Structure formats: structure tokens, C-alpha cells
Amino acid sequence: MKLTIFAATGGIGRQVLEQALAAGHDVTAVVRNPKKLSGQARIVTADLADADPAMLESAVAGADAVLSGLGPRSNSEAGIAAQGTRAIVQAMQATGVRRLVVVSAAPIGTVPSPGRPKPPKHDPGDGFFMRNLLSPLTKAALRKRYADLALMEDVVRESGLDWTIVRPVQLTYKPLTGTYRTAYGQNLRRGLRISRADVAQLMLRVLEQPETVYQTIGIAY
Ligand SMILES: NC(=O)c1ccc[n+]([C@@H]2O[C@H](COP(=O)([O-])OP(=O)(O)OC[C@H]3O[C@@H](n4cnc5c(N)ncnc54)[C@H](OP(=O)(O)O)[C@@H]3O)[C@@H](O)[C@H]2O)c1
């Protein structure tokens with residue numbers, strides 16, 4: 001497939017890039033710092049906080065799918081997930097590219113956003129410990145980042161594109177296992193961690209699974 005990968009220098013993005021190249025896909029990597037990359041991909045440089053629409057359109061034109069590992073590197077960068085994803089969506093709409101896969105986070109199903117002002121109070125996949133302890137704590141600590149991701153999800157859901165949103169639990173740098181649980185529209189009971197490599201594998205795998213279009217997918221071991 002012809003793939004465009006945004007944020008291919010990030011933890012997940014780099015894994016998506018490496019696995020896509022290893023699978024023989026024709027890859028365009030869009031990054032803000034091309035010095036961080038080397039390899040067989042065509043590289044397009046764009047800071048998604050201030051990207052030239054024509055540049056993004058040329059990066060996605062003709063792609064079978066667009067994958068994004070975009071996210072804020074720090075709390076001060078919170079806002080970039082929604083802003084950058086909006087720019088990606090606009091470039092796809094302008095060029096007629098339809099398939100989009102993005103990364104959100106497990107707690108976002110219960111985070112309010114303009115598009116989902118009254119989400120469920122608890123994720124149906126979360127058990128007692130997650131509902132009452134871990135989820136409230138992480139939501140308090142990462143409030144700005146989660147608001148950004150919730151808004152990003154609105155942008156994706158309202159895009160009219162063929163989208164899939166992947167919602168991982170806590171990320172690790174452990175190796176690819178290929179053995180993990182997934183669930184549509186909810187988190188996984190007692191699932192606490194997942195490697196970036198396995199998230200990347202799921203992001204590529206869903207491209208061959210039409211039933212994952214318009215789905216939000218929880219992933220954990
Ligand atoms: N950490 C967790 O446990 C966890 C759990 C669940 C979900 N998540 C979500 O998953 C996302 C991906 O995780 P990760 O570990 O792969 O993130 P990461 O390593 O921090 O990667 C973020 C990527 O976004 C890029 N980026 C940020 N601002 C940009 C901008 N203005 N223009 C272009 N690119 C920009 C970064 O580029 P540079 O390389 O140039 O900085 C990097 O490639 C996180 O951001 C978070 O929203 C995280």
C-alpha cells in the first residue's frame with residue numbers, strides 16, 4: 001500500500017514506519033525534524049502547529065491510508081493533537097484520501113468534548129480499580145492532554161473520512177509481541193500496559209479490516 005505516516009519520529013510513529021517499511025509498503029513520512037529519521041521513506045518536513053496546507057496535501061495525495069502517531073511531547077504542547085489532526089483531515093479531504101488511523105488514549109471515552117459533552121461516566125471495560133483510582137488520578141494529572149485528545153477524536157469522528165481511533169493504555173517501549181487484546185468502543189478489563197510496537201501493529205492491521213472503519217478500539221495485554 002501507499003501510506004503516509006505523520007509523526008514518524010515518535011514512539012509509536014517510528015514503530016509504524018519501521019513495520020510499514022518491513023512489510024514492503026511505499027511510505028511517505030511527515031515529520032517536523034527530518035534529522036531524526038533515516039531510511040527508505042520519502043520524507044516531508046512539516047510542523048503541524050503551523051503547516052502549509054499545500055505541503056500536507058502533497059504528502060497525502062494518492063495515499064491508500066494515512067496513519068498518525070501525533071501527540072504532545074509535553075503539557076505545554078497540549079493542543080497539537082487536535083490542531084495537527086485537523087490539518088491532516090483537511091489535507092485528506094482536499095485530495096480525496098479517505099482512510100485515517102490515529103492514536104488517542106484509553107481514558108478518552110469518558111472525557112467530555114464539544115462533540116461528546118456527556119460521555120459515559122465510566123468506561124464499560126474498566127474495573128473497580130481503574131474506575132475509582134487510576135483513571136481519576138491520570139485524568140487529573142493529564143487534564144490538558146486528555147482534553148486535546150478528546151477534541152482530536154471529535155475532529156476525526158466529524159471528518160467524513162473512513163477513520164479508526166486506537167485507544168491504548170499506558171505505553172511501553174517493550175518489543176512487538178503480536179499478542180494483545182482489543183475491544184470496540186471500550187477498554188480492556190485489567191489491561192494496564194501495551195507496547196508502542198504492538199499499537200503500531202494494530203494500526204497497520206486495521207487497514208486490512210474494513211469492519212474497523214468508524215470504530216474506536218481499546219488495546220491492552
Ligand atoms: N505515554 C503513554 O503512556 C500514552 C498512553 C496512551 C496514549 N498516549 C498517546 O499516544 C500518543 C503517542 O505516543 P508516543 O509515545 O508515540 O508519543 P511521542 O513519542 O511523544 O511522539 C509524539 C510525536 O508527535 C510529534 N509532534 C508533536 N508535535 C508536533 C508538531 N507540532 N508537528 C509535527 N509533529 C509533532 C513528535 O515529533 P518530534 O519527534 O519532532 O517531537 C513525535 O513524532 C501520545 O502523544 C499520547 O497522546 C500515550
# chains A, B, ... in the order shown; residues from 1 in each chain; ligands from 1
>>> residues_around(residues="Asp64 of chain A", least_positions_apart="5", cutoff="7 Å", atoms="only C-alpha atoms", output="PyMOL selection string")
chain A and resi 1-3+97+99
>>> write_last_selection(atoms="all heavy atoms", output="PDB file, in the first residue's frame")
ATOM      1  N   MET A   1       0.839  -1.193   0.000  1.00  0.00           N
ATOM      2  CA  MET A   1       0.000   0.000   0.000  1.00  0.00           C
ATOM      3  C   MET A   1       0.876   1.245   0.000  1.00  0.00           C
ATOM      4  O   MET A   1       2.028   1.209   0.407  1.00  0.00           O
ATOM      5  CB  MET A   1      -0.868   0.022   1.264  1.00  0.00           C
ATOM      6  CG  MET A   1      -2.063  -0.882   1.204  1.00  0.00           C
ATOM      7  SD  MET A   1      -3.086  -0.740   2.683  1.00  0.00           S
ATOM      8  CE  MET A   1      -2.164  -1.768   3.810  1.00  0.00           C
ATOM      9  N   LYS A   2       0.252   2.328  -0.426  1.00  0.00           N
ATOM     10  CA  LYS A   2       0.931   3.612  -0.359  1.00  0.00           C
ATOM     11  C   LYS A   2       0.438   4.289   0.942  1.00  0.00           C
ATOM     12  O   LYS A   2      -0.764   4.532   1.082  1.00  0.00           O
ATOM     13  CB  LYS A   2       0.532   4.426  -1.589  1.00  0.00           C
ATOM     14  CG  LYS A   2       1.450   5.564  -1.935  1.00  0.00           C
ATOM     15  CD  LYS A   2       1.148   6.057  -3.348  1.00  0.00           C
ATOM     16  CE  LYS A   2       2.005   7.226  -3.746  1.00  0.00           C
ATOM     17  NZ  LYS A   2       1.963   8.394  -2.894  1.00  0.00           N
ATOM     18  N   LEU A   3       1.347   4.507   1.869  1.00  0.00           N
ATOM     19  CA  LEU A   3       0.965   5.010   3.193  1.00  0.00           C
ATOM     20  C   LEU A   3       1.654   6.337   3.487  1.00  0.00           C
ATOM     21  O   LEU A   3       2.839   6.515   3.153  1.00  0.00           O
ATOM     22  CB  LEU A   3       1.374   4.003   4.272  1.00  0.00           C
ATOM     23  CG  LEU A   3       0.835   2.582   4.142  1.00  0.00           C
ATOM     24  CD1 LEU A   3       1.351   1.714   5.287  1.00  0.00           C
ATOM     25  CD2 LEU A   3      -0.687   2.575   4.106  1.00  0.00           C
ATOM     26  N   VAL A  97      -8.382  11.526  -0.151  1.00  0.00           N
ATOM     27  CA  VAL A  97      -7.831  10.347   0.539  1.00  0.00           C
ATOM     28  C   VAL A  97      -8.753  10.039   1.717  1.00  0.00           C
ATOM     29  O   VAL A  97      -9.122  10.943   2.462  1.00  0.00           O
ATOM     30  CB  VAL A  97      -6.396  10.619   1.027  1.00  0.00           C
ATOM     31  CG1 VAL A  97      -5.861   9.449   1.841  1.00  0.00           C
ATOM     32  CG2 VAL A  97      -5.489  10.900  -0.160  1.00  0.00           C
ATOM     33  N   ARG A  99      -8.820   6.958   4.106  1.00  0.00           N
ATOM     34  CA  ARG A  99      -8.609   6.072   5.273  1.00  0.00           C
ATOM     35  C   ARG A  99      -7.630   6.715   6.250  1.00  0.00           C
ATOM     36  O   ARG A  99      -6.479   7.015   5.896  1.00  0.00           O
ATOM     37  CB  ARG A  99      -8.077   4.723   4.762  1.00  0.00           C
ATOM     38  CG  ARG A  99      -8.005   3.650   5.821  1.00  0.00           C
ATOM     39  CD  ARG A  99      -9.390   3.142   6.201  1.00  0.00           C
ATOM     40  NE  ARG A  99      -9.311   2.011   7.122  1.00  0.00           N
ATOM     41  CZ  ARG A  99      -9.511   2.114   8.446  1.00  0.00           C
ATOM     42  NH1 ARG A  99      -9.793   3.290   8.989  1.00  0.00           N
ATOM     43  NH2 ARG A  99      -9.435   1.056   9.214  1.00  0.00           N
TER      44      ARG A  99
END
>>> residues_near_ligand(ligand="ligand 1", cutoff="9 Å", atoms="only C-alpha atoms and all ligand atoms", output="compact mmCIF listing (two decimals) with all heavy atoms, in the first residue's frame")
# COMPACT_ATOMS: atom_id res chain seq x y z
N PHE A 6 2.24 10.28 9.71
CA PHE A 6 2.54 11.53 10.41
C PHE A 6 3.17 11.22 11.76
O PHE A 6 2.83 10.23 12.41
CB PHE A 6 1.26 12.34 10.61
CG PHE A 6 0.82 13.05 9.36
CD1 PHE A 6 0.04 12.41 8.42
CD2 PHE A 6 1.22 14.36 9.12
CE1 PHE A 6 -0.35 13.06 7.25
CE2 PHE A 6 0.83 15.02 7.96
CZ PHE A 6 0.04 14.36 7.02
N ALA A 7 4.09 12.10 12.19
CA ALA A 7 4.79 11.95 13.47
C ALA A 7 5.59 10.64 13.50
O ALA A 7 5.59 9.92 14.51
CB ALA A 7 3.83 12.06 14.65
N ALA A 8 6.28 10.39 12.41
CA ALA A 8 7.04 9.13 12.28
C ALA A 8 8.32 9.13 13.11
O ALA A 8 9.07 8.16 13.07
CB ALA A 8 7.35 8.88 10.80
N THR A 9 8.56 10.20 13.87
CA THR A 9 9.71 10.24 14.78
C THR A 9 9.30 9.94 16.22
O THR A 9 10.15 9.91 17.11
CB THR A 9 10.36 11.64 14.76
OG1 THR A 9 9.32 12.60 14.97
CG2 THR A 9 11.06 11.91 13.44
N GLY A 10 8.02 9.73 16.47
CA GLY A 10 7.55 9.47 17.83
C GLY A 10 7.69 8.01 18.20
O GLY A 10 8.08 7.17 17.37
N GLY A 11 7.36 7.70 19.45
CA GLY A 11 7.49 6.32 19.91
C GLY A 11 6.65 5.36 19.07
O GLY A 11 7.14 4.35 18.56
N ILE A 12 5.38 5.67 18.90
CA ILE A 12 4.51 4.82 18.08
C ILE A 12 4.79 5.06 16.60
O ILE A 12 4.91 4.11 15.81
CB ILE A 12 3.02 5.10 18.39
CG1 ILE A 12 2.69 4.59 19.80
CG2 ILE A 12 2.12 4.44 17.36
CD1 ILE A 12 1.29 4.93 20.28
N GLY A 13 4.93 6.33 16.21
CA GLY A 13 5.12 6.65 14.80
C GLY A 13 6.33 5.96 14.19
O GLY A 13 6.27 5.44 13.06
N ARG A 14 7.40 5.91 14.95
CA ARG A 14 8.62 5.25 14.46
C ARG A 14 8.39 3.75 14.24
O ARG A 14 8.88 3.16 13.30
CB ARG A 14 9.74 5.48 15.49
CG ARG A 14 11.13 5.27 14.97
CD ARG A 14 12.13 5.67 16.02
NE ARG A 14 12.42 7.10 16.02
CZ ARG A 14 13.33 7.68 15.24
NH1 ARG A 14 14.03 6.97 14.40
NH2 ARG A 14 13.54 8.98 15.30
N GLN A 15 7.62 3.17 15.14
CA GLN A 15 7.28 1.74 15.01
C GLN A 15 6.39 1.50 13.79
O GLN A 15 6.55 0.52 13.07
CB GLN A 15 6.57 1.25 16.27
CG GLN A 15 7.48 1.07 17.45
CD GLN A 15 8.44 -0.10 17.25
OE1 GLN A 15 8.11 -1.08 16.60
NE2 GLN A 15 9.63 0.03 17.79
N VAL A 30 5.90 12.07 7.38
CA VAL A 30 5.81 13.51 7.61
C VAL A 30 6.27 13.80 9.03
O VAL A 30 5.69 13.29 9.99
CB VAL A 30 4.37 14.03 7.41
CG1 VAL A 30 4.35 15.55 7.44
CG2 VAL A 30 3.79 13.51 6.10
N VAL A 31 7.33 14.60 9.15
CA VAL A 31 7.94 14.87 10.46
C VAL A 31 8.33 16.33 10.55
O VAL A 31 8.53 16.99 9.54
CB VAL A 31 9.19 13.98 10.68
CG1 VAL A 31 8.84 12.50 10.62
CG2 VAL A 31 10.27 14.30 9.66
N ARG A 32 8.45 16.83 11.80
CA ARG A 32 8.88 18.22 11.90
C ARG A 32 10.40 18.33 11.96
O ARG A 32 10.95 19.41 11.74
CB ARG A 32 8.24 18.91 13.10
CG ARG A 32 8.56 18.32 14.44
CD ARG A 32 7.95 19.13 15.57
NE ARG A 32 7.96 18.37 16.81
CZ ARG A 32 7.51 18.83 17.96
NH1 ARG A 32 7.00 20.05 18.03
NH2 ARG A 32 7.55 18.09 19.05
N ASN A 33 11.06 17.22 12.31
CA ASN A 33 12.52 17.24 12.39
C ASN A 33 13.12 16.07 11.60
O ASN A 33 13.32 14.98 12.14
CB ASN A 33 12.94 17.16 13.87
CG ASN A 33 14.44 17.27 14.02
OD1 ASN A 33 15.17 17.31 13.02
ND2 ASN A 33 14.90 17.33 15.25
N PRO A 34 13.42 16.30 10.33
CA PRO A 34 13.86 15.19 9.47
C PRO A 34 15.20 14.60 9.89
O PRO A 34 15.51 13.46 9.52
CB PRO A 34 13.96 15.83 8.08
CG PRO A 34 14.05 17.29 8.32
CD PRO A 34 13.35 17.58 9.61
N LYS A 36 15.91 13.42 12.58
CA LYS A 36 15.67 12.25 13.45
C LYS A 36 15.44 10.97 12.65
O LYS A 36 15.27 9.91 13.24
CB LYS A 36 14.45 12.51 14.33
CG LYS A 36 14.65 13.51 15.45
CD LYS A 36 13.41 13.49 16.33
CE LYS A 36 13.49 14.40 17.51
NZ LYS A 36 12.23 14.38 18.28
N THR A 45 8.86 17.45 5.44
CA THR A 45 9.03 18.18 6.70
C THR A 45 7.87 19.14 6.90
O THR A 45 7.59 19.98 6.03
CB THR A 45 10.36 18.97 6.67
OG1 THR A 45 11.42 18.05 6.39
CG2 THR A 45 10.62 19.65 8.01
N ALA A 46 7.19 19.00 8.03
CA ALA A 46 6.07 19.91 8.34
C ALA A 46 5.85 19.95 9.84
O ALA A 46 5.73 18.89 10.47
CB ALA A 46 4.80 19.44 7.64
N ASP A 47 5.83 21.16 10.39
CA ASP A 47 5.43 21.34 11.79
C ASP A 47 3.92 21.50 11.78
O ASP A 47 3.40 22.45 11.18
CB ASP A 47 6.12 22.57 12.39
CG ASP A 47 5.85 22.68 13.88
OD1 ASP A 47 4.75 22.26 14.33
OD2 ASP A 47 6.73 23.17 14.60
N LEU A 48 3.22 20.59 12.42
CA LEU A 48 1.76 20.59 12.32
C LEU A 48 1.12 21.72 13.13
O LEU A 48 -0.09 21.94 13.03
CB LEU A 48 1.20 19.23 12.74
CG LEU A 48 1.51 18.13 11.71
CD1 LEU A 48 1.25 16.75 12.30
CD2 LEU A 48 0.71 18.32 10.44
N ALA A 49 1.92 22.44 13.90
CA ALA A 49 1.38 23.62 14.58
C ALA A 49 1.24 24.78 13.59
O ALA A 49 0.54 25.76 13.88
CB ALA A 49 2.31 24.03 15.72
N ASP A 50 1.90 24.67 12.46
CA ASP A 50 1.91 25.78 11.52
C ASP A 50 2.23 25.26 10.12
O ASP A 50 3.20 25.66 9.49
CB ASP A 50 3.00 26.77 11.98
CG ASP A 50 3.07 28.00 11.10
OD1 ASP A 50 2.04 28.33 10.51
OD2 ASP A 50 4.16 28.59 11.01
N ALA A 51 1.42 24.33 9.66
CA ALA A 51 1.78 23.63 8.42
C ALA A 51 1.17 24.32 7.20
O ALA A 51 0.05 24.84 7.25
CB ALA A 51 1.32 22.19 8.49
N SER A 68 -1.40 8.32 11.88
CA SER A 68 -0.79 9.39 12.66
C SER A 68 -0.47 8.93 14.08
O SER A 68 -1.34 8.38 14.77
CB SER A 68 -1.73 10.60 12.73
OG SER A 68 -1.21 11.54 13.66
N GLY A 69 0.77 9.19 14.49
CA GLY A 69 1.18 8.95 15.88
C GLY A 69 1.37 10.26 16.60
O GLY A 69 2.06 10.33 17.62
N LEU A 70 0.72 11.31 16.07
CA LEU A 70 0.90 12.66 16.62
C LEU A 70 0.40 12.76 18.05
O LEU A 70 -0.66 12.23 18.40
CB LEU A 70 0.12 13.65 15.75
CG LEU A 70 0.12 15.11 16.20
CD1 LEU A 70 1.52 15.72 16.10
CD2 LEU A 70 -0.88 15.91 15.36
N GLY A 71 1.15 13.48 18.88
CA GLY A 71 0.71 13.77 20.24
C GLY A 71 1.66 14.77 20.84
O GLY A 71 2.76 14.99 20.33
N PRO A 72 1.25 15.43 21.93
CA PRO A 72 2.11 16.43 22.56
C PRO A 72 3.30 15.78 23.26
O PRO A 72 3.15 14.78 23.95
CB PRO A 72 1.18 17.10 23.59
CG PRO A 72 0.11 16.11 23.85
CD PRO A 72 -0.03 15.26 22.63
N ARG A 73 4.48 16.36 23.08
CA ARG A 73 5.68 15.87 23.77
C ARG A 73 5.67 16.28 25.24
O ARG A 73 6.32 15.68 26.06
CB ARG A 73 6.94 16.45 23.11
CG ARG A 73 7.35 15.76 21.82
CD ARG A 73 8.18 14.53 22.10
NE ARG A 73 8.63 13.88 20.88
CZ ARG A 73 9.08 12.64 20.83
NH1 ARG A 73 9.12 11.90 21.93
NH2 ARG A 73 9.48 12.13 19.71
N SER A 74 4.94 17.38 25.54
CA SER A 74 4.90 17.90 26.92
C SER A 74 3.53 18.53 27.14
O SER A 74 2.78 18.75 26.18
CB SER A 74 5.98 18.96 27.11
OG SER A 74 5.71 20.02 26.20
N GLU A 77 2.74 21.47 25.06
CA GLU A 77 2.37 21.23 23.65
C GLU A 77 0.94 20.71 23.51
O GLU A 77 0.50 20.43 22.40
CB GLU A 77 3.33 20.24 22.99
CG GLU A 77 4.67 20.85 22.62
CD GLU A 77 5.53 19.90 21.79
OE1 GLU A 77 5.36 18.67 21.88
OE2 GLU A 77 6.39 20.39 21.04
N ALA A 78 0.24 20.55 24.63
CA ALA A 78 -1.14 20.05 24.55
C ALA A 78 -1.95 20.99 23.67
O ALA A 78 -1.85 22.22 23.80
CB ALA A 78 -1.75 19.95 25.94
N ILE A 80 -1.84 20.24 20.28
CA ILE A 80 -1.31 19.88 18.96
C ILE A 80 -2.04 18.68 18.36
O ILE A 80 -2.16 18.57 17.13
CB ILE A 80 0.22 19.64 19.01
CG1 ILE A 80 0.78 19.54 17.58
CG2 ILE A 80 0.57 18.39 19.80
CD1 ILE A 80 0.55 20.73 16.71
N ALA A 81 -2.52 17.77 19.19
CA ALA A 81 -3.18 16.58 18.63
C ALA A 81 -4.42 17.01 17.83
O ALA A 81 -4.60 16.58 16.69
CB ALA A 81 -3.56 15.60 19.74
N GLN A 83 -5.17 20.17 16.80
CA GLN A 83 -4.80 21.14 15.75
C GLN A 83 -4.15 20.43 14.55
O GLN A 83 -4.50 20.66 13.40
CB GLN A 83 -3.83 22.17 16.34
CG GLN A 83 -3.47 23.26 15.36
CD GLN A 83 -2.36 24.20 15.88
OE1 GLN A 83 -1.84 24.00 16.97
NE2 GLN A 83 -2.03 25.18 15.09
N GLY A 84 -3.19 19.58 14.85
CA GLY A 84 -2.47 18.89 13.77
C GLY A 84 -3.35 17.91 13.04
O GLY A 84 -3.29 17.78 11.81
N VAL A 102 -5.63 6.99 13.80
CA VAL A 102 -4.95 7.88 14.75
C VAL A 102 -4.87 7.22 16.13
O VAL A 102 -5.60 6.28 16.43
CB VAL A 102 -5.67 9.24 14.89
CG1 VAL A 102 -5.81 9.94 13.55
CG2 VAL A 102 -7.04 9.08 15.56
N VAL A 103 -3.99 7.79 16.97
CA VAL A 103 -3.82 7.28 18.34
C VAL A 103 -4.43 8.27 19.34
O VAL A 103 -4.09 9.45 19.34
CB VAL A 103 -2.33 7.15 18.72
CG1 VAL A 103 -2.19 6.56 20.11
CG2 VAL A 103 -1.58 6.32 17.71
N SER A 104 -5.30 7.75 20.19
CA SER A 104 -5.85 8.52 21.31
C SER A 104 -5.36 7.86 22.60
O SER A 104 -4.20 7.43 22.65
CB SER A 104 -7.37 8.56 21.18
OG SER A 104 -7.95 9.26 22.23
N ALA A 105 -6.19 7.76 23.60
CA ALA A 105 -5.76 7.13 24.86
C ALA A 105 -6.97 6.51 25.56
O ALA A 105 -8.11 6.97 25.40
CB ALA A 105 -5.10 8.16 25.77
N ALA A 106 -6.70 5.47 26.35
CA ALA A 106 -7.77 4.68 26.97
C ALA A 106 -8.81 5.51 27.73
O ALA A 106 -10.01 5.22 27.64
CB ALA A 106 -7.16 3.61 27.87
N PRO A 107 -8.41 6.53 28.51
CA PRO A 107 -9.44 7.22 29.31
C PRO A 107 -10.36 8.15 28.51
O PRO A 107 -11.32 8.69 29.07
CB PRO A 107 -8.60 8.06 30.30
CG PRO A 107 -7.24 7.46 30.27
CD PRO A 107 -7.05 6.95 28.87
N ARG A 145 -3.84 17.33 28.30
CA ARG A 145 -3.56 16.39 27.19
C ARG A 145 -4.81 15.61 26.81
O ARG A 145 -5.06 15.34 25.64
CB ARG A 145 -2.48 15.41 27.59
CG ARG A 145 -1.11 16.06 27.78
CD ARG A 145 -0.12 14.96 28.02
NE ARG A 145 1.17 15.49 28.42
CZ ARG A 145 2.33 14.98 28.05
NH1 ARG A 145 2.36 13.92 27.27
NH2 ARG A 145 3.45 15.50 28.46
N TYR A 146 -5.58 15.22 27.83
CA TYR A 146 -6.77 14.44 27.52
C TYR A 146 -7.84 15.30 26.84
O TYR A 146 -8.57 14.82 25.97
CB TYR A 146 -7.33 13.79 28.79
CG TYR A 146 -6.51 12.60 29.26
CD1 TYR A 146 -6.78 11.98 30.47
CD2 TYR A 146 -5.48 12.08 28.49
CE1 TYR A 146 -6.04 10.89 30.90
CE2 TYR A 146 -4.74 10.99 28.92
CZ TYR A 146 -5.02 10.40 30.12
OH TYR A 146 -4.28 9.31 30.54
N ASP A 148 -7.19 17.68 24.84
CA ASP A 148 -6.67 17.75 23.46
C ASP A 148 -7.06 16.49 22.68
O ASP A 148 -7.57 16.56 21.55
CB ASP A 148 -5.15 17.91 23.53
CG ASP A 148 -4.49 18.04 22.17
OD1 ASP A 148 -5.19 18.38 21.19
OD2 ASP A 148 -3.26 17.84 22.09
N LEU A 149 -6.84 15.33 23.29
CA LEU A 149 -7.16 14.07 22.59
C LEU A 149 -8.67 13.92 22.36
O LEU A 149 -9.10 13.42 21.32
CB LEU A 149 -6.62 12.87 23.37
CG LEU A 149 -5.10 12.73 23.43
CD1 LEU A 149 -4.71 11.51 24.28
CD2 LEU A 149 -4.50 12.60 22.03
N VAL A 166 -7.44 4.47 17.72
CA VAL A 166 -6.90 3.45 18.61
C VAL A 166 -6.66 4.10 19.97
O VAL A 166 -6.05 5.16 20.06
CB VAL A 166 -5.59 2.87 18.03
CG1 VAL A 166 -4.95 1.91 19.01
CG2 VAL A 166 -5.87 2.18 16.71
N ARG A 167 -7.18 3.43 21.01
CA ARG A 167 -7.05 3.99 22.38
C ARG A 167 -6.22 3.04 23.24
O ARG A 167 -6.77 2.15 23.90
CB ARG A 167 -8.42 4.16 23.02
CG ARG A 167 -9.22 5.34 22.51
CD ARG A 167 -10.43 5.52 23.43
NE ARG A 167 -11.36 6.50 22.94
CZ ARG A 167 -12.68 6.41 23.10
NH1 ARG A 167 -13.20 5.37 23.72
NH2 ARG A 167 -13.47 7.35 22.66
N PRO A 168 -4.89 3.26 23.29
CA PRO A 168 -4.05 2.39 24.11
C PRO A 168 -4.07 2.77 25.59
O PRO A 168 -4.32 3.93 25.94
CB PRO A 168 -2.64 2.61 23.54
CG PRO A 168 -2.68 3.93 22.86
CD PRO A 168 -4.12 4.25 22.53
N VAL A 169 -3.76 1.79 26.42
CA VAL A 169 -3.47 2.05 27.84
C VAL A 169 -2.02 2.53 27.94
O VAL A 169 -1.42 2.90 26.93
CB VAL A 169 -3.71 0.79 28.69
CG1 VAL A 169 -5.19 0.54 28.88
CG2 VAL A 169 -3.03 -0.42 28.09
N GLN A 170 -1.44 2.47 29.11
CA GLN A 170 -0.08 3.01 29.30
C GLN A 170 0.91 2.34 28.34
O GLN A 170 0.96 1.11 28.24
CB GLN A 170 0.38 2.81 30.73
CG GLN A 170 1.68 3.57 30.97
CD GLN A 170 2.17 3.44 32.40
OE1 GLN A 170 1.67 2.65 33.19
NE2 GLN A 170 3.15 4.21 32.72
N LEU A 171 1.71 3.18 27.68
CA LEU A 171 2.62 2.69 26.63
C LEU A 171 3.97 2.30 27.21
O LEU A 171 4.48 2.95 28.12
CB LEU A 171 2.83 3.78 25.59
CG LEU A 171 1.57 4.23 24.84
CD1 LEU A 171 1.88 5.48 24.00
CD2 LEU A 171 1.06 3.12 23.94
N THR A 172 4.56 1.25 26.62
CA THR A 172 5.92 0.85 26.97
C THR A 172 6.75 0.80 25.68
O THR A 172 6.21 0.84 24.58
CB THR A 172 5.97 -0.54 27.63
OG1 THR A 172 5.78 -1.52 26.60
CG2 THR A 172 4.93 -0.71 28.71
N TYR A 173 8.08 0.69 25.89
CA TYR A 173 8.98 0.52 24.74
C TYR A 173 9.36 -0.95 24.55
O TYR A 173 10.33 -1.25 23.87
CB TYR A 173 10.24 1.37 24.92
CG TYR A 173 10.00 2.84 24.65
CD1 TYR A 173 9.87 3.75 25.69
CD2 TYR A 173 9.89 3.31 23.34
CE1 TYR A 173 9.62 5.10 25.44
CE2 TYR A 173 9.65 4.65 23.08
CZ TYR A 173 9.52 5.54 24.14
OH TYR A 173 9.27 6.86 23.88
N ARG A 193 -1.10 -2.16 30.38
CA ARG A 193 0.02 -1.72 29.55
C ARG A 193 -0.07 -2.30 28.14
O ARG A 193 -0.69 -3.35 27.93
CB ARG A 193 1.34 -2.16 30.16
CG ARG A 193 1.60 -1.50 31.47
CD ARG A 193 3.03 -1.41 31.86
NE ARG A 193 3.11 -0.53 33.02
CZ ARG A 193 2.66 -0.85 34.25
NH1 ARG A 193 2.16 -2.04 34.47
NH2 ARG A 193 2.74 0.01 35.23
N ILE A 194 0.65 -1.62 27.23
CA ILE A 194 0.78 -2.12 25.86
C ILE A 194 2.05 -1.49 25.26
O ILE A 194 2.35 -0.33 25.57
CB ILE A 194 -0.48 -1.77 25.01
CG1 ILE A 194 -0.44 -2.45 23.64
CG2 ILE A 194 -0.65 -0.27 24.83
CD1 ILE A 194 -0.72 -3.92 23.66
N ARG A 196 4.45 0.20 22.42
CA ARG A 196 4.25 1.05 21.24
C ARG A 196 4.32 0.21 19.97
O ARG A 196 3.62 0.46 19.00
CB ARG A 196 5.30 2.17 21.23
CG ARG A 196 5.03 3.21 22.33
CD ARG A 196 6.20 4.15 22.51
NE ARG A 196 5.87 5.28 23.38
CZ ARG A 196 5.97 5.26 24.71
NH1 ARG A 196 6.38 4.19 25.35
NH2 ARG A 196 5.65 6.36 25.41
>>> closest_residue(among="A:Met152, A:Ala54, A:Ile219, A:Leu192", to="Arg86 of chain A", atoms="only C-alpha atoms")
A:Met152
>>> select_by_dssp(residues="segment 21-134 of chain A", states="helix (DSSP H, G or I)", output="PyMOL selection string")
chain A and resi 21-22+34-36+53-60+75-77+80-95+106-110+128-134
>>> closest_residue(among="A:Ala140, A:Ile165, A:Val155, A:Leu56", to="Gln186 of chain A", atoms="only C-alpha atoms")
A:Ile165
>>> closest_residue(among="A:Pro114, A:Pro136, A:Gly62, A:Gly39", to="Ala91 of chain A", atoms="only C-alpha atoms")
A:Gly62
>>> closest_residue(among="A:Arg157, A:Gln201, A:Gly191, A:Ile5", to="Gln215 of chain A", atoms="only C-alpha atoms")
A:Arg157
>>> closest_residue(among="A:Arg143, A:Gly160, A:Ile88, A:Leu17", to="Pro112 of chain A", atoms="only C-alpha atoms")
A:Arg143
>>> select_by_dssp(residues="segment 7-213 of chain A", states="strand (DSSP E or B)", output="number ranges by chain")
A: 26-31, 42-45, 65-68, 99-103, 113, 116, 162-168, 170-172, 181-184, 193-195
>>> closest_residue(among="A:Ala200, A:Val156, A:Leu161, A:Leu207", to="Ala82 of chain A", atoms="only C-alpha atoms")
A:Val156
>>> residues_around(residues="His25 of chain A", least_positions_apart="3", cutoff="12 Å", atoms="only C-alpha atoms", output="PDB file with C-alpha atoms, in the first residue's frame")
ATOM      1  CA  MET A   1       0.000   0.000   0.000  1.00  0.00           C
ATOM      2  CA  LYS A   2       0.931   3.612  -0.359  1.00  0.00           C
ATOM      3  CA  LEU A   3       0.965   5.010   3.193  1.00  0.00           C
ATOM      4  CA  THR A   4       1.555   8.460   4.671  1.00  0.00           C
ATOM      5  CA  ILE A   5       2.725   8.376   8.287  1.00  0.00           C
ATOM      6  CA  VAL A  16       4.564   2.279  12.403  1.00  0.00           C
ATOM      7  CA  LEU A  17       7.225   3.493   9.984  1.00  0.00           C
ATOM      8  CA  GLU A  18       9.585   0.567  10.586  1.00  0.00           C
ATOM      9  CA  GLN A  19       6.857  -2.056  10.421  1.00  0.00           C
ATOM     10  CA  ALA A  20       5.336  -0.496   7.289  1.00  0.00           C
ATOM     11  CA  LEU A  21       8.699  -0.469   5.518  1.00  0.00           C
ATOM     12  CA  ALA A  22       9.428  -4.030   6.635  1.00  0.00           C
ATOM     13  CA  THR A  28       5.878   8.888   2.981  1.00  0.00           C
ATOM     14  CA  ALA A  29       6.902  10.055   6.464  1.00  0.00           C
ATOM     15  CA  GLN A  40      13.840   4.215   2.757  1.00  0.00           C
ATOM     16  CA  ALA A  41      10.851   6.502   3.291  1.00  0.00           C
ATOM     17  CA  ARG A  42      10.165   9.670   1.350  1.00  0.00           C
ATOM     18  CA  ALA A  63      -2.164   7.508  -0.344  1.00  0.00           C
ATOM     19  CA  ASP A  64      -4.241   4.401   0.335  1.00  0.00           C
ATOM     20  CA  ALA A  65      -4.168   5.331   4.015  1.00  0.00           C
ATOM     21  CA  LEU A 204      -1.357  -1.270  10.291  1.00  0.00           C
TER      22      LEU A 204
END
>>> atom_distance(atom1="atom CA of Leu202 of chain A", atom2="atom CA of Val60 of chain A")
20.8 Å
>>> atom_distance(atom1="atom CA of Gly96 of chain A", atom2="atom CA of Val199 of chain A")
26.4 Å
